[in-house]
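Chemist: The structure under discussion is supplied below as structure tokens; questions concerning it will follow.
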Amino acid sequence: MSTVIDTILPRRLSGLIPPVLSWLNRGTPSLSLLTKLVVTLVFLVNIRSWPLAWHIRMFRPVLYIRTRQALLKLSILFKSRKEKVLLEEKWVDSVSPLGRNPLDMVVNYKSTAGLDDCDFYGHMSNSSYAKTLDAVRFKAAIIMFPRIFAPGGWIALGETHYHFIREIPILSPYEVRLSIASWDHKWIHIVCKFVTKPKRKSNRPYPQSPNSTLLTPSESGTNTPAISESGSTTPNLKSLSKIEEPDGAIINAITISVCCFKIGRITIPPAVVMALNGFCAPAPSPVSGTGTGSTSTSTSMYSHSNPPPHWPRVQDLMCCSRGGSTRKLALFLRGGWKDVKEGDRWWDSAFGGVEERRIAGLEVFEGVRKGMDFVRSG
């Protein structure tokens, strides 16, 4: 024992170890109890850093949805095969964001800046943002894109940018608000806002559009990007520097994640994946009736009961009751979508109503990428 101590520590310090060990081993009941209490407290304080704790936080959404699926199968155990297929397909539809606008949907993740997440300055460490972001993105993937995993699809992370605005104090509850900002033929841009609630109460409603701070609102209150004198859409840079959400929450940090969808090593266009999961542009606006002075709606909002026009094409791919299958969907994702003619690509027409917002957001985030590419090449 003394040889090991002499090897690890300097001679003067190693000489202090035997007396300390002798003192700790005297068997004093009060000291023994105090030691146990301290050790227990240290373990409890760092419970979220225990082995497998990160994995539990990560895979909690999977466990939740798998449990729901198992309960469903148990409830239809004595149904006929045809009824089982129909009920399972209905359940899969229910966990999909059918009829949702991808630019308006927000996934919330709540947590607390624990002692193990904070540094000696008394606020959340910068490295803890990345650890939390893993769980946030994984939860969003399960909620937003549940249909991509069955045929073997997955989501790859290309890059992440962090903008730290204000510290999150130790033991403070915080919330992460994830939303889709834009996409192109390969990449999808994900924005996460780490926010904390101020101590004062705010009566302002939660924002309907999570990306309203990224683009300049028009006078009518919509999120149509502002038009410059040259006629091009331009982002409002002043709005990017705001540190307060419309509901009064304080923005502590903003992250931009650039991801892509894969099946094997084949890249799938984001529009294909989003349309397969039920995302679409909003339904057409109400139209005025003629001659009577009344108004009527050409169609109500898209939802599970009123699916978007492209949805029957999706069901033909994946629903057994309509001739689809997981294998058929996998073949489509592996390149079958390329065989669809340009004018018949239903995944592109599904997002025609949000094209202006998508392009405006893409211009903002392409600027970030170009800046990073310039630094890397410099």
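By order in the structure tokens, chains are A, B, ...; within a chain, residues start at 1; ligands start at 1, following the order shown.
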Any idea what's packed within 10 Å of range 329-338 of chain A, counting only C-alpha atoms, ignoring anything in its chain fewer than 2 positions away? Could you give it as a PyMOL selection string?
Modeler: chain A and resi 147-153+261-269+272-273+276+314-319+324-327+340-342+345+347
Chemist: Restricting it to C-alpha atoms, dump the selection as a CSV table (one decimal), in the first residue's frame.
Modeler:
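File written: result_16.csv
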```csv
chain,number,residue,atom,x,y,z
A,147,ARG,CA,-43.1,7.1,-39.2
A,148,ILE,CA,-39.5,7.3,-40.4
A,149,PHE,CA,-38.1,4.7,-37.9
A,150,ALA,CA,-40.1,1.6,-38.8
A,151,PRO,CA,-38.6,1.3,-42.4
A,152,GLY,CA,-35.1,1.8,-41.0
A,153,GLY,CA,-34.7,5.6,-41.2
A,261,PHE,CA,-32.8,12.2,-42.8
A,262,LYS,CA,-31.2,8.9,-43.8
A,263,ILE,CA,-32.1,5.4,-44.6
A,264,GLY,CA,-28.9,3.4,-44.5
A,265,ARG,CA,-26.5,5.9,-46.1
A,266,ILE,CA,-29.1,7.3,-48.5
A,267,THR,CA,-30.3,10.9,-47.8
A,268,ILE,CA,-34.0,11.5,-47.9
A,269,PRO,CA,-35.3,15.0,-48.7
A,272,VAL,CA,-40.6,13.8,-48.2
A,273,VAL,CA,-40.2,12.8,-44.5
A,276,LEU,CA,-45.1,11.2,-44.8
A,314,VAL,CA,-49.1,8.3,-48.0
A,315,GLN,CA,-51.6,5.7,-46.9
A,316,ASP,CA,-51.1,3.9,-50.2
A,317,LEU,CA,-47.4,3.5,-49.2
A,318,MET,CA,-47.6,2.4,-45.6
A,319,CYS,CA,-51.1,1.2,-44.7
A,324,GLY,CA,-49.0,-0.5,-48.5
A,325,SER,CA,-46.3,-2.0,-46.2
A,326,THR,CA,-43.1,-1.2,-44.4
A,327,ARG,CA,-41.1,-2.7,-47.2
A,340,VAL,CA,-42.2,10.3,-59.3
A,341,LYS,CA,-42.6,13.0,-62.0
A,342,GLU,CA,-41.9,16.6,-61.1
A,345,ARG,CA,-44.6,15.1,-56.4
A,347,TRP,CA,-44.7,16.2,-50.9
```
Chemist: Quote the spacing between CA of Ser257 in chain A and CA of Tyr129 in chain A in Å to one decimal place.
Modeler: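 Atom-to-atom, CA of Ser257 in chain A and CA of Tyr129 in chain A are spaced 12.6 Å apart.
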Chemist: So that I can check the surroundings of range 131-144 of chain A, please list as a list in words every protein, DNA and RNA residue that reaches within 6 Å of it, counting only C-alpha atoms and ignoring chain neighbours fewer than 2 positions away.
Modeler: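 Using only C-alpha atoms, the neighbours found are Met58, Pro61, Ser128, Tyr129 and Pro146 of chain A.
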Chemist: Pull all heavy atoms from the residues just selected and write them as a JSON list (two decimals), in the first residue's frame.
Modeler:
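As written to disk, part13.json reads:
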```
[["chain", "number", "residue", "atom", "x", "y", "z"],
["A", 58, "MET", "N", -32.77, 10.00, -22.46],
["A", 58, "MET", "CA", -32.83, 9.97, -23.92],
["A", 58, "MET", "C", -33.98, 9.11, -24.42],
["A", 58, "MET", "O", -34.74, 9.51, -25.30],
["A", 58, "MET", "CB", -31.51, 9.45, -24.48],
["A", 58, "MET", "CG", -30.41, 10.49, -24.56],
["A", 58, "MET", "SD", -30.68, 11.69, -25.88],
["A", 58, "MET", "CE", -30.53, 10.65, -27.32],
["A", 61, "PRO", "N", -38.93, 8.98, -24.17],
["A", 61, "PRO", "CA", -40.04, 9.09, -25.14],
["A", 61, "PRO", "C", -40.31, 7.78, -25.87],
["A", 61, "PRO", "O", -41.46, 7.47, -26.18],
["A", 61, "PRO", "CB", -39.54, 10.17, -26.11],
["A", 61, "PRO", "CG", -38.53, 10.96, -25.35],
["A", 61, "PRO", "CD", -37.87, 9.97, -24.45],
["A", 128, "SER", "N", -23.40, 21.49, -20.57],
["A", 128, "SER", "CA", -24.70, 20.90, -20.22],
["A", 128, "SER", "C", -25.77, 21.22, -21.25],
["A", 128, "SER", "O", -26.77, 20.50, -21.36],
["A", 128, "SER", "CB", -25.14, 21.37, -18.83],
["A", 128, "SER", "OG", -24.24, 20.93, -17.84],
["A", 129, "TYR", "N", -25.59, 22.31, -21.98],
["A", 129, "TYR", "CA", -26.55, 22.64, -23.04],
["A", 129, "TYR", "C", -26.55, 21.55, -24.11],
["A", 129, "TYR", "O", -27.60, 21.15, -24.61],
["A", 129, "TYR", "CB", -26.22, 23.99, -23.65],
["A", 129, "TYR", "CG", -26.53, 25.17, -22.77],
["A", 129, "TYR", "CD1", -25.62, 25.61, -21.81],
["A", 129, "TYR", "CD2", -27.73, 25.85, -22.88],
["A", 129, "TYR", "CE1", -25.89, 26.70, -21.00],
["A", 129, "TYR", "CE2", -28.02, 26.94, -22.08],
["A", 129, "TYR", "CZ", -27.09, 27.36, -21.13],
["A", 129, "TYR", "OH", -27.38, 28.42, -20.32],
["A", 146, "PRO", "N", -42.48, 10.15, -36.30],
["A", 146, "PRO", "CA", -42.56, 8.76, -35.81],
["A", 146, "PRO", "C", -42.55, 7.71, -36.90],
["A", 146, "PRO", "O", -42.17, 6.57, -36.66],
["A", 146, "PRO", "CB", -43.89, 8.75, -35.04],
["A", 146, "PRO", "CG", -44.71, 9.82, -35.68],
["A", 146, "PRO", "CD", -43.74, 10.89, -36.07]]
```
Chemist: So which residues touch Pro169 in chain A within 9 Å, counting only C-alpha atoms, skipping near sequence neighbours fewer than 2 positions away, as JSON, numbers by chain?
Modeler: {"A": [113, 118, 122, 123, 124, 167, 171, 172, 173]}
Chemist: Those residues you just picked out, can you put them in a file as an mmCIF file, in the first residue's frame with N, CA, C and O atoms?
Modeler:
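Result went into again-v5.cif, see below:
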```cif
data_model
loop_
_atom_site.group_PDB
_atom_site.id
_atom_site.type_symbol
_atom_site.label_atom_id
_atom_site.label_comp_id
_atom_site.auth_asym_id
_atom_site.auth_seq_id
_atom_site.Cartn_x
_atom_site.Cartn_y
_atom_site.Cartn_z
ATOM 1 N N ALA A 113 -31.680 23.097 -13.841
ATOM 2 C CA ALA A 113 -30.220 23.186 -13.814
ATOM 3 C C ALA A 113 -29.722 22.601 -12.491
ATOM 4 O O ALA A 113 -29.576 23.310 -11.498
ATOM 5 N N CYS A 118 -24.058 22.317 -13.332
ATOM 6 C CA CYS A 118 -23.571 23.688 -13.149
ATOM 7 C C CYS A 118 -22.078 23.721 -12.837
ATOM 8 O O CYS A 118 -21.490 22.741 -12.376
ATOM 9 N N GLY A 122 -21.817 29.031 -10.479
ATOM 10 C CA GLY A 122 -23.185 28.979 -9.985
ATOM 11 C C GLY A 122 -24.241 29.052 -11.061
ATOM 12 O O GLY A 122 -25.380 29.408 -10.778
ATOM 13 N N HIS A 123 -23.881 28.708 -12.299
ATOM 14 C CA HIS A 123 -24.899 28.646 -13.349
ATOM 15 C C HIS A 123 -24.604 27.468 -14.267
ATOM 16 O O HIS A 123 -23.539 26.846 -14.193
ATOM 17 N N MET A 124 -25.549 27.153 -15.137
ATOM 18 C CA MET A 124 -25.441 25.956 -15.960
ATOM 19 C C MET A 124 -24.217 26.029 -16.854
ATOM 20 O O MET A 124 -23.988 27.022 -17.545
ATOM 21 N N GLU A 167 -27.115 33.629 -18.502
ATOM 22 C CA GLU A 167 -26.889 32.406 -17.748
ATOM 23 C C GLU A 167 -28.187 31.874 -17.144
ATOM 24 O O GLU A 167 -29.129 32.622 -16.883
ATOM 25 N N LEU A 171 -30.041 25.436 -9.968
ATOM 26 C CA LEU A 171 -31.330 24.953 -9.450
ATOM 27 C C LEU A 171 -32.530 25.673 -10.051
ATOM 28 O O LEU A 171 -33.643 25.545 -9.539
ATOM 29 N N SER A 172 -32.325 26.398 -11.139
ATOM 30 C CA SER A 172 -33.446 27.104 -11.788
ATOM 31 C C SER A 172 -34.136 26.185 -12.789
ATOM 32 O O SER A 172 -33.473 25.507 -13.588
ATOM 33 N N PRO A 173 -35.462 26.151 -12.780
ATOM 34 C CA PRO A 173 -36.168 25.413 -13.829
ATOM 35 C C PRO A 173 -36.065 26.161 -15.151
ATOM 36 O O PRO A 173 -36.058 27.393 -15.175
#
```
Chemist: Need the shell around His189 in chain A: protein/DNA/RNA residues with any atom at most 12 Å away, counting only C-alpha atoms. Skip same-chain ones fewer than 6 positions apart. Format as a PyMOL selection string?
Modeler: chain A and resi 102-103+137+157-161+178-183+211+255-261+270+358-359+361-366+368-369
Chemist: Suppose you want the space between CA of Asp116 in chain A and CA of Trp50 in chain A; what is it in Å?
Modeler: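 For CA of Asp116 in chain A relative to CA of Trp50 in chain A, the distance reads 10.2 Å.
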Chemist: Residues near Val85 in chain A, anyone? I mean within 12 Å using only C-alpha atoms, not counting same-chain ones fewer than 6 positions away, as a PDB file with N, CA and C atoms, in the first residue's frame.
Modeler:
```pdb
ATOM      1  N   LEU A  72     -52.133  -0.973 -26.570  1.00  0.00           N
ATOM      2  CA  LEU A  72     -53.071  -1.073 -27.688  1.00  0.00           C
ATOM      3  C   LEU A  72     -53.182  -2.523 -28.160  1.00  0.00           C
ATOM      4  N   LYS A  73     -52.025  -3.155 -28.363  1.00  0.00           N
ATOM      5  CA  LYS A  73     -52.042  -4.543 -28.836  1.00  0.00           C
ATOM      6  C   LYS A  73     -52.724  -5.461 -27.828  1.00  0.00           C
ATOM      7  N   ILE A  76     -56.550  -5.117 -28.196  1.00  0.00           N
ATOM      8  CA  ILE A  76     -57.170  -5.662 -29.427  1.00  0.00           C
ATOM      9  C   ILE A  76     -56.770  -7.120 -29.636  1.00  0.00           C
ATOM     10  N   LEU A  77     -56.352  -7.753 -28.561  1.00  0.00           N
ATOM     11  CA  LEU A  77     -55.830  -9.118 -28.655  1.00  0.00           C
ATOM     12  C   LEU A  77     -56.852 -10.082 -29.255  1.00  0.00           C
ATOM     13  N   LYS A  79     -59.460  -9.278 -31.220  1.00  0.00           N
ATOM     14  CA  LYS A  79     -60.110  -8.769 -32.428  1.00  0.00           C
ATOM     15  C   LYS A  79     -59.703  -9.618 -33.630  1.00  0.00           C
ATOM     16  N   TRP A  91     -54.141   4.101 -34.774  1.00  0.00           N
ATOM     17  CA  TRP A  91     -53.292   4.535 -33.655  1.00  0.00           C
ATOM     18  C   TRP A  91     -52.040   5.232 -34.163  1.00  0.00           C
ATOM     19  N   VAL A  92     -51.429   4.698 -35.209  1.00  0.00           N
ATOM     20  CA  VAL A  92     -50.240   5.335 -35.784  1.00  0.00           C
ATOM     21  C   VAL A  92     -50.581   6.729 -36.286  1.00  0.00           C
ATOM     22  N   MET A 318     -47.929   3.037 -46.895  1.00  0.00           N
ATOM     23  CA  MET A 318     -47.623   2.412 -45.608  1.00  0.00           C
ATOM     24  C   MET A 318     -48.763   1.656 -44.953  1.00  0.00           C
ATOM     25  N   CYS A 319     -49.980   1.829 -45.394  1.00  0.00           N
ATOM     26  CA  CYS A 319     -51.116   1.166 -44.747  1.00  0.00           C
ATOM     27  C   CYS A 319     -51.420  -0.171 -45.414  1.00  0.00           C
ATOM     28  N   CYS A 320     -51.421  -1.247 -44.643  1.00  0.00           N
ATOM     29  CA  CYS A 320     -51.710  -2.574 -45.182  1.00  0.00           C
ATOM     30  C   CYS A 320     -53.119  -2.653 -45.758  1.00  0.00           C
ATOM     31  N   SER A 321     -54.038  -1.922 -45.153  1.00  0.00           N
ATOM     32  CA  SER A 321     -55.430  -1.949 -45.622  1.00  0.00           C
ATOM     33  C   SER A 321     -55.586  -1.312 -46.996  1.00  0.00           C
ATOM     34  N   ARG A 322     -54.568  -0.564 -47.460  1.00  0.00           N
ATOM     35  CA  ARG A 322     -54.622   0.089 -48.775  1.00  0.00           C
ATOM     36  C   ARG A 322     -53.516  -0.425 -49.697  1.00  0.00           C
ATOM     37  N   GLY A 323     -52.959  -1.571 -49.368  1.00  0.00           N
ATOM     38  CA  GLY A 323     -51.937  -2.171 -50.227  1.00  0.00           C
ATOM     39  C   GLY A 323     -50.516  -1.733 -49.913  1.00  0.00           C
ATOM     40  N   GLY A 324     -50.338  -0.976 -48.860  1.00  0.00           N
ATOM     41  CA  GLY A 324     -49.000  -0.533 -48.487  1.00  0.00           C
ATOM     42  C   GLY A 324     -48.335  -1.481 -47.504  1.00  0.00           C
ATOM     43  N   SER A 325     -47.074  -1.204 -47.193  1.00  0.00           N
ATOM     44  CA  SER A 325     -46.331  -2.028 -46.249  1.00  0.00           C
ATOM     45  C   SER A 325     -45.060  -1.289 -45.855  1.00  0.00           C
TER      46      SER A 325
END
```
Chemist: I'd like the contact shell of Arg48 in chain A - 9 Å cut-off, only C-alpha atoms, skipping same-chain residues fewer than 6 positions apart - returned as a PyMOL selection string.
Modeler: chain A and resi 54+57+114+116-117
